[in-house]
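Source file: run38.cif; contents: mmCIF, C-alpha atoms and all ligand atoms.
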```cif
data_work
loop_
_atom_site.label_atom_id
_atom_site.label_comp_id
_atom_site.auth_asym_id
_atom_site.auth_seq_id
_atom_site.Cartn_x
_atom_site.Cartn_y
_atom_site.Cartn_z
CA MET X 1 180.43 18.78 -57.40
CA THR X 2 178.16 17.24 -60.01
CA TYR X 3 177.88 13.45 -59.90
CA LYS X 4 177.65 11.89 -63.36
CA ILE X 5 175.20 8.97 -63.36
CA ALA X 6 174.95 6.55 -66.29
CA LEU X 7 171.38 5.29 -66.65
CA VAL X 8 170.97 1.87 -68.21
CA PRO X 9 167.20 1.34 -68.00
CA GLY X 10 167.14 -1.88 -70.08
CA ASP X 11 163.95 -3.80 -70.88
CA GLY X 12 160.43 -4.45 -69.58
CA ILE X 13 159.78 -2.61 -66.32
CA GLY X 14 163.46 -1.50 -66.21
CA PRO X 15 162.75 1.98 -67.65
CA GLU X 16 159.62 2.50 -65.46
CA VAL X 17 161.47 1.87 -62.22
CA THR X 18 164.74 3.54 -63.26
CA PHE X 19 163.02 6.82 -64.16
CA ALA X 20 161.04 6.71 -60.92
CA ALA X 21 164.39 6.56 -59.10
CA VAL X 22 165.68 9.46 -61.24
CA ASP X 23 162.69 11.58 -60.15
CA VAL X 24 163.55 10.81 -56.53
CA LEU X 25 167.19 11.79 -57.09
CA LYS X 26 166.03 15.08 -58.67
CA ALA X 27 163.93 15.78 -55.56
CA VAL X 28 166.95 14.97 -53.37
CA SER X 29 169.01 17.38 -55.41
CA GLU X 30 166.42 20.16 -54.89
CA LYS X 31 166.16 19.48 -51.18
CA PHE X 32 169.85 19.08 -50.32
CA GLY X 33 171.57 21.10 -53.04
CA CYS X 34 173.64 18.21 -54.44
CA SER X 35 173.88 17.98 -58.20
CA PHE X 36 173.43 15.02 -60.56
CA GLU X 37 173.90 14.71 -64.32
CA PHE X 38 172.06 11.83 -66.01
CA ASN X 39 173.06 10.20 -69.30
CA GLU X 40 171.09 7.30 -70.75
CA TYR X 41 172.64 4.25 -72.47
CA PRO X 42 171.15 1.16 -74.09
CA ALA X 43 171.79 -2.42 -72.90
CA GLY X 44 169.99 -5.75 -73.00
CA GLY X 45 167.26 -6.71 -75.46
CA CYS X 46 166.58 -3.13 -76.58
CA ALA X 47 170.26 -2.71 -77.49
CA LEU X 48 170.24 -6.01 -79.35
CA ASP X 49 167.25 -4.86 -81.43
CA LYS X 50 168.82 -1.52 -82.27
CA TYR X 51 172.57 -2.23 -82.48
CA GLY X 52 172.78 -6.03 -82.88
CA VAL X 53 174.67 -6.46 -79.57
CA PRO X 54 173.38 -6.51 -75.96
CA LEU X 55 176.16 -4.24 -74.71
CA PRO X 56 177.20 -1.59 -77.26
CA GLN X 57 180.61 0.07 -76.95
CA GLU X 58 178.86 3.42 -76.43
CA THR X 59 177.30 2.02 -73.24
CA ILE X 60 180.63 0.69 -71.97
CA ASP X 61 182.35 4.02 -72.64
CA GLY X 62 179.51 5.99 -71.08
CA CYS X 63 179.54 3.87 -67.91
CA LEU X 64 183.32 4.10 -67.60
CA ALA X 65 183.10 7.88 -67.91
CA SER X 66 180.49 8.13 -65.13
CA ASP X 67 180.73 8.30 -61.35
CA SER X 68 178.16 5.52 -61.04
CA VAL X 69 175.76 3.35 -62.99
CA MET X 70 172.05 2.78 -62.36
CA LEU X 71 170.63 -0.26 -64.12
CA GLY X 72 166.96 -1.25 -64.47
CA ALA X 73 166.67 -4.84 -65.72
CA VAL X 74 167.39 -6.68 -68.92
CA GLY X 75 165.79 -9.56 -70.82
CA GLY X 76 162.38 -10.86 -71.72
CA PRO X 77 160.63 -13.58 -73.72
CA LYS X 78 161.26 -11.76 -77.00
CA TRP X 79 164.97 -12.58 -76.73
CA ASP X 80 164.72 -16.04 -75.12
CA SER X 81 165.82 -17.86 -78.27
CA VAL X 82 168.73 -15.66 -79.36
CA PRO X 83 172.21 -17.30 -79.41
CA ALA X 84 174.01 -17.44 -76.03
CA ASP X 85 176.56 -14.72 -76.89
CA LYS X 86 173.78 -12.26 -77.75
CA ARG X 87 171.53 -12.88 -74.75
CA PRO X 88 170.49 -9.69 -72.91
CA GLU X 89 172.01 -11.02 -69.63
CA LYS X 90 175.43 -10.84 -71.31
CA ALA X 91 175.13 -7.07 -70.84
CA LEU X 92 175.13 -7.49 -67.05
CA LEU X 93 178.17 -9.76 -66.98
CA GLY X 94 179.93 -7.51 -69.49
CA LEU X 95 179.31 -4.39 -67.40
CA ARG X 96 180.47 -6.10 -64.19
CA LYS X 97 183.64 -7.13 -65.97
CA VAL X 98 184.56 -3.81 -67.58
CA LEU X 99 183.75 -1.91 -64.40
CA GLY X 100 185.84 -4.36 -62.31
CA LEU X 101 183.01 -5.08 -59.88
CA TYR X 102 184.01 -7.89 -57.51
CA THR X 103 181.59 -7.40 -54.61
CA ASN X 104 177.83 -7.55 -54.48
CA LEU X 105 175.92 -5.89 -51.66
CA ARG X 106 172.37 -7.02 -51.17
CA PRO X 107 170.29 -5.74 -48.31
CA ALA X 108 167.25 -7.69 -47.18
CA ALA X 109 165.07 -5.93 -44.67
CA ILE X 110 161.56 -6.11 -43.42
CA GLN X 111 159.80 -3.49 -41.44
CA PRO X 112 157.24 -4.41 -38.85
CA ALA X 113 154.63 -2.60 -41.05
CA LEU X 114 155.20 -5.18 -43.78
CA ALA X 115 155.23 -8.22 -41.55
CA ASP X 116 152.16 -9.63 -43.32
CA ALA X 117 154.07 -9.86 -46.63
CA CYS X 118 156.88 -11.83 -45.00
CA VAL X 119 156.92 -15.61 -45.23
CA LEU X 120 158.43 -16.08 -41.77
CA ARG X 121 156.51 -17.03 -38.62
CA PRO X 122 154.49 -13.97 -37.54
CA ASP X 123 156.33 -13.48 -34.23
CA ILE X 124 159.71 -13.47 -36.06
CA ALA X 125 158.47 -11.15 -38.84
CA ALA X 126 156.95 -8.76 -36.30
CA ARG X 127 160.42 -8.15 -34.80
CA GLY X 128 161.61 -6.91 -38.23
CA PHE X 129 165.15 -7.37 -39.56
CA ASP X 130 167.67 -5.47 -41.64
CA LEU X 131 170.65 -7.39 -42.95
CA MET X 132 173.12 -6.89 -45.78
CA ILE X 133 174.83 -9.72 -47.63
CA VAL X 134 178.25 -8.86 -49.03
CA ARG X 135 179.06 -11.51 -51.60
CA GLU X 136 182.36 -12.09 -53.41
CA LEU X 137 181.48 -11.91 -57.11
CA THR X 138 184.39 -12.87 -59.32
CA GLY X 139 186.19 -15.78 -57.61
CA GLY X 140 185.52 -19.11 -55.91
CA ILE X 141 184.05 -22.24 -57.38
CA TYR X 142 182.18 -20.48 -60.21
CA PHE X 143 185.52 -19.39 -61.69
CA GLY X 144 187.88 -22.15 -60.43
CA GLU X 145 189.38 -24.98 -62.42
CA ARG X 146 186.78 -27.46 -63.61
CA GLY X 147 186.65 -30.50 -65.80
CA ARG X 148 185.80 -34.14 -66.33
CA ASN X 149 187.84 -37.30 -66.53
CA GLU X 150 188.38 -38.96 -69.88
CA ALA X 151 185.37 -41.23 -69.59
CA GLY X 152 183.24 -38.22 -68.71
CA ASP X 153 181.74 -39.94 -65.67
CA VAL X 154 183.64 -37.92 -63.04
CA ALA X 155 183.50 -34.11 -62.84
CA TYR X 156 185.11 -31.55 -60.57
CA ASP X 157 184.89 -27.82 -59.80
CA THR X 158 187.48 -26.11 -57.64
CA GLU X 159 186.91 -23.53 -54.92
CA THR X 160 189.98 -21.29 -54.95
CA TYR X 161 190.50 -18.08 -53.01
CA SER X 162 193.57 -15.92 -52.48
CA VAL X 163 194.25 -13.69 -49.47
CA MET X 164 193.95 -10.67 -51.78
CA GLU X 165 190.49 -11.70 -53.01
CA ILE X 166 189.27 -12.36 -49.46
CA GLU X 167 190.71 -9.15 -48.06
CA ARG X 168 189.15 -6.89 -50.65
CA VAL X 169 185.63 -8.25 -50.19
CA ALA X 170 186.02 -8.36 -46.40
CA ARG X 171 187.07 -4.71 -46.44
CA ARG X 172 183.84 -3.85 -48.23
CA ALA X 173 181.90 -5.69 -45.53
CA PHE X 174 183.71 -3.98 -42.64
CA ASP X 175 183.26 -0.59 -44.32
CA ALA X 176 179.54 -1.30 -44.80
CA ALA X 177 179.23 -2.36 -41.14
CA ARG X 178 180.75 0.95 -40.06
CA LYS X 179 177.94 2.70 -41.95
CA ARG X 180 175.35 0.42 -40.34
CA ARG X 181 175.30 -1.26 -36.91
CA GLY X 182 178.97 -2.26 -36.66
CA HIS X 183 178.59 -6.06 -36.82
CA VAL X 184 180.01 -8.49 -39.41
CA THR X 185 179.25 -12.20 -39.57
CA SER X 186 181.65 -14.09 -41.82
CA ILE X 187 180.09 -17.22 -43.27
CA ASP X 188 182.14 -20.21 -44.39
CA LYS X 189 182.48 -23.98 -44.14
CA ALA X 190 185.76 -23.95 -42.23
CA ASN X 191 185.04 -27.29 -40.52
CA VAL X 192 185.47 -29.00 -43.95
CA LEU X 193 187.02 -26.73 -46.58
CA GLU X 194 190.64 -25.51 -46.66
CA SER X 195 189.59 -22.46 -48.71
CA SER X 196 187.16 -21.59 -45.90
CA ARG X 197 189.94 -21.88 -43.31
CA LEU X 198 191.99 -19.35 -45.29
CA TRP X 199 188.84 -17.21 -45.60
CA ARG X 200 188.30 -17.25 -41.82
CA GLU X 201 191.96 -16.57 -40.92
CA THR X 202 192.12 -13.68 -43.38
CA VAL X 203 188.88 -12.03 -42.29
CA HIS X 204 189.96 -12.25 -38.64
CA ARG X 205 193.41 -10.83 -39.28
CA LEU X 206 191.89 -7.92 -41.17
CA GLY X 207 189.26 -7.35 -38.49
CA GLU X 208 191.83 -7.28 -35.70
CA THR X 209 194.32 -5.04 -37.49
CA GLU X 210 192.13 -2.61 -39.41
CA TYR X 211 188.61 -2.78 -37.97
CA PRO X 212 188.90 -3.41 -34.21
CA ASP X 213 185.78 -1.25 -33.71
CA VAL X 214 183.61 -3.70 -35.73
CA ARG X 215 182.22 -6.78 -33.96
CA LEU X 216 183.15 -9.90 -35.94
CA ASP X 217 181.82 -13.43 -35.63
CA ASP X 218 181.80 -16.56 -37.79
CA MET X 219 179.03 -18.91 -38.74
CA LEU X 220 179.04 -22.12 -40.74
CA VAL X 221 176.97 -21.82 -43.90
CA ASP X 222 174.54 -24.60 -42.98
CA ASN X 223 173.79 -22.92 -39.66
CA ALA X 224 173.50 -19.52 -41.41
CA ALA X 225 170.86 -20.91 -43.79
CA MET X 226 168.82 -21.86 -40.70
CA GLN X 227 169.46 -18.65 -38.74
CA ILE X 228 168.25 -16.43 -41.61
CA ILE X 229 164.86 -18.08 -41.12
CA ARG X 230 164.97 -18.62 -37.35
CA ASP X 231 166.43 -15.29 -36.18
CA PRO X 232 167.30 -12.90 -39.05
CA SER X 233 167.42 -9.95 -36.64
CA PHE X 234 170.76 -11.37 -35.37
CA PHE X 235 172.51 -10.26 -38.57
CA ASP X 236 173.81 -6.86 -39.62
CA VAL X 237 176.41 -7.49 -42.38
CA ILE X 238 177.13 -10.98 -43.70
CA VAL X 239 180.30 -11.51 -45.74
CA THR X 240 180.73 -14.68 -47.73
CA SER X 241 182.07 -16.39 -50.83
CA ASN X 242 180.55 -16.32 -54.29
CA MET X 243 178.59 -19.59 -54.07
CA PHE X 244 177.44 -19.28 -50.45
CA GLY X 245 176.45 -15.66 -51.14
CA ASP X 246 174.53 -16.64 -54.25
CA ILE X 247 172.40 -19.05 -52.26
CA LEU X 248 172.03 -17.07 -49.02
CA SER X 249 171.17 -13.79 -50.77
CA ASP X 250 168.29 -15.45 -52.61
CA GLU X 251 167.11 -17.03 -49.39
CA ALA X 252 167.31 -13.73 -47.49
CA SER X 253 165.50 -11.81 -50.22
CA GLN X 254 162.70 -14.34 -50.47
CA VAL X 255 161.95 -14.26 -46.77
CA THR X 256 161.12 -10.56 -47.03
CA GLY X 257 158.13 -11.45 -49.21
CA SER X 258 158.54 -8.99 -52.06
CA ILE X 259 161.04 -8.85 -54.82
CA GLY X 260 159.84 -5.32 -55.63
CA LEU X 261 161.46 -3.92 -52.47
CA LEU X 262 165.00 -5.21 -52.77
CA ALA X 263 167.98 -3.18 -53.94
CA SER X 264 171.54 -4.18 -54.74
CA ALA X 265 174.95 -2.71 -55.41
CA SER X 266 178.01 -4.10 -57.16
CA LEU X 267 181.29 -2.49 -56.21
CA GLY X 268 184.92 -2.69 -57.25
CA GLU X 269 188.14 -0.93 -56.33
CA SER X 270 186.99 2.60 -57.14
CA SER X 271 184.00 4.39 -55.69
CA ARG X 272 182.06 3.78 -58.92
CA GLY X 273 179.43 1.09 -58.51
CA MET X 274 176.53 -0.41 -60.38
CA TYR X 275 173.19 -0.14 -58.59
CA GLU X 276 170.11 -2.13 -59.56
CA PRO X 277 166.95 -3.65 -58.15
CA ILE X 278 167.30 -7.42 -57.71
CA HIS X 279 164.18 -8.11 -59.77
CA GLY X 280 164.14 -8.78 -63.50
CA SER X 281 162.26 -7.08 -66.33
CA ALA X 282 158.88 -8.55 -65.22
CA PRO X 283 157.38 -8.81 -68.74
CA ASP X 284 154.05 -9.91 -67.21
CA ILE X 285 153.43 -6.44 -65.73
CA SER X 286 155.49 -4.23 -68.05
CA GLY X 287 153.69 -1.09 -69.31
CA LYS X 288 150.75 -1.56 -66.89
CA ASP X 289 151.99 0.80 -64.16
CA LEU X 290 152.06 -2.14 -61.76
CA ALA X 291 155.81 -2.23 -61.11
CA ASN X 292 156.80 -1.34 -57.58
CA PRO X 293 159.53 1.32 -57.93
CA ILE X 294 160.81 0.91 -54.36
CA ALA X 295 163.66 -1.52 -55.18
CA ALA X 296 165.05 0.89 -57.77
CA ILE X 297 164.56 3.89 -55.46
CA LEU X 298 166.38 2.11 -52.62
CA SER X 299 169.16 1.20 -55.09
CA ALA X 300 169.56 4.92 -55.76
CA ALA X 301 169.82 5.49 -51.99
CA MET X 302 172.58 2.85 -51.85
CA MET X 303 174.41 4.71 -54.62
CA LEU X 304 174.32 7.93 -52.61
CA ARG X 305 175.61 6.10 -49.52
CA TYR X 306 178.28 3.82 -51.01
CA SER X 307 179.57 5.68 -54.08
CA PHE X 308 179.02 9.35 -53.21
CA ASP X 309 179.18 9.28 -49.40
CA LEU X 310 175.93 11.26 -49.19
CA ALA X 311 174.62 9.57 -46.06
CA GLU X 312 172.10 12.23 -45.06
CA GLU X 313 170.54 12.18 -48.54
CA ALA X 314 170.44 8.37 -48.54
CA ASP X 315 168.81 8.36 -45.10
CA ALA X 316 166.16 10.79 -46.38
CA ILE X 317 165.18 8.47 -49.25
CA GLU X 318 165.08 5.42 -46.99
CA LYS X 319 162.97 7.28 -44.44
CA ALA X 320 160.51 8.45 -47.13
CA VAL X 321 160.10 4.84 -48.30
CA SER X 322 159.70 3.57 -44.79
CA ASP X 323 157.12 6.29 -44.00
CA VAL X 324 154.89 5.50 -46.97
CA LEU X 325 154.95 1.83 -46.04
CA SER X 326 154.14 2.67 -42.43
CA ASP X 327 151.20 4.75 -43.72
CA GLY X 328 149.88 1.52 -45.23
CA LEU X 329 150.43 2.40 -48.91
CA ARG X 330 150.85 -0.78 -50.95
CA THR X 331 151.46 -1.64 -54.59
CA ALA X 332 149.85 -4.86 -55.87
CA ASP X 333 152.91 -7.01 -55.14
CA ILE X 334 152.94 -6.18 -51.40
CA LYS X 335 149.23 -5.80 -50.66
CA SER X 336 147.70 -7.86 -47.90
CA PRO X 337 145.49 -10.74 -48.93
CA GLY X 338 142.10 -9.26 -49.89
CA GLN X 339 143.33 -5.64 -49.75
CA GLU X 340 141.43 -3.59 -52.37
CA ASP X 341 142.93 -0.11 -51.97
CA TRP X 342 146.36 -0.78 -53.47
CA ILE X 343 148.06 1.84 -55.62
CA LYS X 344 149.85 1.95 -58.98
CA GLY X 345 153.64 2.16 -59.33
CA SER X 346 153.49 5.85 -60.34
CA GLU X 347 151.32 6.64 -57.29
CA MET X 348 153.85 4.94 -55.04
CA LYS X 349 156.60 7.10 -56.55
CA GLU X 350 154.51 10.26 -56.02
CA ALA X 351 153.85 9.32 -52.40
CA ILE X 352 157.58 8.83 -51.80
CA LEU X 353 158.37 12.18 -53.46
CA ASP X 354 155.77 13.85 -51.30
CA LYS X 355 157.26 12.42 -48.08
CA LEU X 356 160.75 13.32 -49.17
CA ARG X 357 159.78 16.96 -49.77
CA ARG X 358 157.84 17.27 -46.50
CA ASN X 359 160.12 15.35 -44.09
P1 LIG P 401 161.27 -11.07 -62.54
O1 LIG P 401 162.01 -10.60 -61.35
O2 LIG P 401 161.28 -10.21 -63.73
O3 LIG P 401 159.73 -11.36 -62.14
C1 LIG P 401 159.36 -12.34 -61.18
C2 LIG P 401 157.97 -11.98 -60.62
O4 LIG P 401 158.06 -10.85 -59.77
C3 LIG P 401 156.97 -11.59 -61.72
O5 LIG P 401 155.68 -12.06 -61.37
C4 LIG P 401 156.98 -10.08 -61.71
O6 LIG P 401 155.75 -9.49 -62.13
C5 LIG P 401 157.26 -9.79 -60.23
N1 LIG P 401 158.01 -8.54 -60.09
C6 LIG P 401 159.31 -8.33 -60.38
N2 LIG P 401 159.67 -7.08 -60.13
C7 LIG P 401 158.58 -6.46 -59.65
C8 LIG P 401 158.30 -5.12 -59.23
N3 LIG P 401 159.24 -4.16 -59.23
N4 LIG P 401 157.04 -4.84 -58.82
C9 LIG P 401 156.10 -5.77 -58.80
N5 LIG P 401 156.29 -7.05 -59.18
C10 LIG P 401 157.51 -7.38 -59.61
O7 LIG P 401 161.87 -12.51 -62.90
P2 LIG P 401 161.55 -13.46 -64.14
O8 LIG P 401 160.10 -13.40 -64.48
O9 LIG P 401 162.16 -14.77 -63.78
O10 LIG P 401 162.40 -12.86 -65.33
C11 LIG P 401 161.86 -12.00 -66.35
C12 LIG P 401 163.01 -11.56 -67.26
O11 LIG P 401 163.94 -10.77 -66.49
C13 LIG P 401 163.82 -12.72 -67.82
O12 LIG P 401 164.15 -12.41 -69.15
C14 LIG P 401 165.06 -12.76 -66.95
O13 LIG P 401 166.17 -13.30 -67.64
C15 LIG P 401 165.26 -11.30 -66.65
N6 LIG P 401 166.00 -11.04 -65.40
C16 LIG P 401 166.83 -9.97 -65.41
C17 LIG P 401 167.51 -9.62 -64.26
C18 LIG P 401 168.40 -8.40 -64.30
O14 LIG P 401 168.36 -7.66 -65.25
N7 LIG P 401 169.19 -8.16 -63.27
C19 LIG P 401 167.33 -10.35 -63.07
C20 LIG P 401 166.43 -11.42 -63.09
C21 LIG P 401 165.76 -11.75 -64.26
#
```

Mind turning the file's structure into structure tokens?
Ligand code: NAD
Amino acid sequence: MTYKIALVPGDGIGPEVTFAAVDVLKAVSEKFGCSFEFNEYPAGGCALDKYGVPLPQETIDGCLASDSVMLGAVGGPKWDSVPADKRPEKALLGLRKVLGLYTNLRPAAIQPALADACVLRPDIAARGFDLMIVRELTGGIYFGERGRNEAGDVAYDTETYSVMEIERVARRAFDAARKRRGHVTSIDKANVLESSRLWRETVHRLGETEYPDVRLDDMLVDNAAMQIIRDPSFFDVIVTSNMFGDILSDEASQVTGSIGLLASASLGESSRGMYEPIHGSAPDISGKDLANPIAAILSAAMMLRYSFDLAEEADAIEKAVSDVLSDGLRTADIKSPGQEDWIKGSEMKEAILDKLRRN
């Protein structure tokens, strides 16, 4: 079978890191015999310049006709003053909507070899951690009823969740846990919020009936915010609502110390997902070969694991990345203070390709 991958490289460092990930996928294809077809589509600022819209119909059609989508990053200062409906970020929201993506998976991991880049206390960082936040993406308070009173001096936003919305994101979390270490922590505020009590009941019912093999526990969101800093190695998969996930995923990614290492996936009902590094278009380093390609390369590994069920191939990419980091290779964003022998983004890609071919 040939997997059709829509490439949406976007702006700034987006193309640099996306094509680095494509090279890695080509090496995977040579090594394991799987087959990928790549088609490139415009989105973001570059699409606005060329077609007058950030998300052309051609891109939507191309993504819908693909087995998965790999996105680089969109945006940059050049488009900061364009009207709201033309902003490059509209392309991201538009793609999520047309592809029906309601779950975001964001791993945050640190290896002992990178402990010096981590902002946590050295003894905690040295233990390493590897967690995955599964965030509900299309419901909750960001999409609930909102408004103001007539005088405009009272405002409200409503957190609303249905059993269906909770079940479908929880299923993604349990499925992810089965591919990892078999542990889900559901995060809510059930001591205060009715929507959280429904969340907790629903996750537990699903766990007991469909995923008895997965260990499930609950944690209140305020405690979770502390535990991610105090003992992140406790967590395997975290499942939570849109707003709590928004906050906790940023917290978890920041404690790892480098934005250039972190991948993400957005998934919906079908196996098709959208995979992208969490970083933006980094206009400050664009075109200088300084972009760390690892986040995009690890996003490609997530695509193999979660959309194509190619676990062995995904493991091989993750191992190659982990090996180059263990060898001490560092791009500028993850170098130790005072380290002089850091490498360019393209050299990091070559080192990963080399490991992948030899391992
Ligand atoms: P950013 O993530 O682009 O950059 C933040 C900092 O991290 C910069 O110093 C940058 O050089 C560094 N950085 C980011 N990725 C890196 C990598 N792979 N290797 C090494 N260093 C890296 O965030 P920003 O500066 O706030 O935003 C820049 C533009 O990107 C804005 O237009 C913003 O709207 C857009 N943006 C897009 C996305 C997306 O497409 N998903 C996400 C965030 C920001």

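Of the residues listed (X:Ile247, X:Ala332, X:Ala113, X:Leu101), X:Ala332 shows the shortest atom-to-atom separation from ligand LIG 401 (chain P); distances use all atoms listed in the file.
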
Test item: residues lying within 10 Å of ligand LIG 401 (chain P) with all atoms listed in the file, as a ChimeraX atom specification: /X:9-14,16-17,43-45,71-80,87-93,258-262,264,276-286,289-296,331-334,344-345

Pick from X:Pro56, X:Ala311, X:Lys4, X:Thr18, whichever lies nearest to Phe38 (chain X) using only C-alpha atoms: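 Going through X:Pro56, X:Ala311, X:Lys4, X:Thr18 one by one, the smallest distance to Phe38 (chain X) is for X:Lys4.
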
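Checking X:Ile133, X:Ala21, X:Val184, X:Ile60 one by one against Thr103 (chain X), counting only C-alpha atoms, you find the shortest gap at X:Ile133.
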
Straight-line distance linking CA of Pro54 (chain X) with CA of Leu298 (chain X), stated in Å to one decimal: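 The value is 25.8 Å.
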
Top pick for closest residue to Met303 (chain X), considering X:Ser271, X:Ser162, X:Thr209, X:Thr256 and counting only C-alpha atoms: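 The answer is X:Ser271, which sits nearest to Met303 (chain X).
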
Distance criterion (all atoms listed in the file): nearest to Cys63 (chain X) out of X:Ile5, X:Leu114, X:Leu25, X:Leu120: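 Using all atoms listed in the file, the shortest distance to Cys63 (chain X) belongs to X:Ile5.
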
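Considering only C-alpha atoms, the residue among X:Leu137, X:Met219, X:Ala115, X:Ala6 positioned nearest to Lys335 (chain X) is X:Ala115.
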
Point-to-point distance in Å for CA of Ile187 (chain X) and CA of Ile166 (chain X): 12.1 Å

Interatomic distance (Å, one decimal) between CA of Val169 (chain X) and CA of Gly128 (chain X):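 Going from CA of Val169 (chain X) over to CA of Gly128 (chain X), I get 26.9 Å.
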
Spatial neighbours of Tyr211 (chain X), max dist 12 Å, only C-alpha atoms, sep filter under 5 positions, as a list in words: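 In the requested format, the answer is Ala170, Arg171, Arg172, Ala173, Phe174, Asp175, Ala176, Ala177, Arg178, Gly182, His183, Val184, Val203, His204, Arg205, Leu206 and Leu216 of chain X.
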
Take the residues that were just selected and, keeping C-alpha atoms, output them as a PDB file, in the frame of the given file.
```
ATOM      1  CA  ALA X 170     186.020  -8.360 -46.400  1.00  0.00           C
ATOM      2  CA  ARG X 171     187.070  -4.710 -46.440  1.00  0.00           C
ATOM      3  CA  ARG X 172     183.840  -3.850 -48.230  1.00  0.00           C
ATOM      4  CA  ALA X 173     181.900  -5.690 -45.530  1.00  0.00           C
ATOM      5  CA  PHE X 174     183.710  -3.980 -42.640  1.00  0.00           C
ATOM      6  CA  ASP X 175     183.260  -0.590 -44.320  1.00  0.00           C
ATOM      7  CA  ALA X 176     179.540  -1.300 -44.800  1.00  0.00           C
ATOM      8  CA  ALA X 177     179.230  -2.360 -41.140  1.00  0.00           C
ATOM      9  CA  ARG X 178     180.750   0.950 -40.060  1.00  0.00           C
ATOM     10  CA  GLY X 182     178.970  -2.260 -36.660  1.00  0.00           C
ATOM     11  CA  HIS X 183     178.590  -6.060 -36.820  1.00  0.00           C
ATOM     12  CA  VAL X 184     180.010  -8.490 -39.410  1.00  0.00           C
ATOM     13  CA  VAL X 203     188.880 -12.030 -42.290  1.00  0.00           C
ATOM     14  CA  HIS X 204     189.960 -12.250 -38.640  1.00  0.00           C
ATOM     15  CA  ARG X 205     193.410 -10.830 -39.280  1.00  0.00           C
ATOM     16  CA  LEU X 206     191.890  -7.920 -41.170  1.00  0.00           C
ATOM     17  CA  LEU X 216     183.150  -9.900 -35.940  1.00  0.00           C
TER      18      LEU X 216
END
```

Surrounding residues of region 315-329 of chain X excluding itself and chain neighbours under 3 positions, 9 Å, all atoms listed in the file, as a list in words: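 The filter keeps Val24, Leu25, Val28, Gln111, Pro112, Ala113, Leu114, Ile294, Ile297, Leu298, Ala300, Ala301, Arg305, Leu310, Ala311, Glu312, Lys335, Asp341, Trp342, Ile343, Met348, Ala351, Ile352, Leu353, Asp354, Lys355, Leu356, Arg357 and Asn359 of chain X.
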
Spatial sel., origin (159.9, -14.9, -35.4), limit 10 Å, all atoms listed in the file, listed as an mmCIF file with C-alpha atoms, in the coordinates of the input:
```
data_model
loop_
_atom_site.group_PDB
_atom_site.id
_atom_site.type_symbol
_atom_site.label_atom_id
_atom_site.label_comp_id
_atom_site.auth_asym_id
_atom_site.auth_seq_id
_atom_site.Cartn_x
_atom_site.Cartn_y
_atom_site.Cartn_z
ATOM 1 C CA LEU X 120 158.430 -16.080 -41.770
ATOM 2 C CA ARG X 121 156.510 -17.030 -38.620
ATOM 3 C CA PRO X 122 154.490 -13.970 -37.540
ATOM 4 C CA ASP X 123 156.330 -13.480 -34.230
ATOM 5 C CA ILE X 124 159.710 -13.470 -36.060
ATOM 6 C CA ALA X 125 158.470 -11.150 -38.840
ATOM 7 C CA ALA X 126 156.950 -8.760 -36.300
ATOM 8 C CA ARG X 127 160.420 -8.150 -34.800
ATOM 9 C CA GLY X 128 161.610 -6.910 -38.230
ATOM 10 C CA ILE X 229 164.860 -18.080 -41.120
ATOM 11 C CA ARG X 230 164.970 -18.620 -37.350
ATOM 12 C CA ASP X 231 166.430 -15.290 -36.180
ATOM 13 C CA PRO X 232 167.300 -12.900 -39.050
ATOM 14 C CA SER X 233 167.420 -9.950 -36.640
#
```
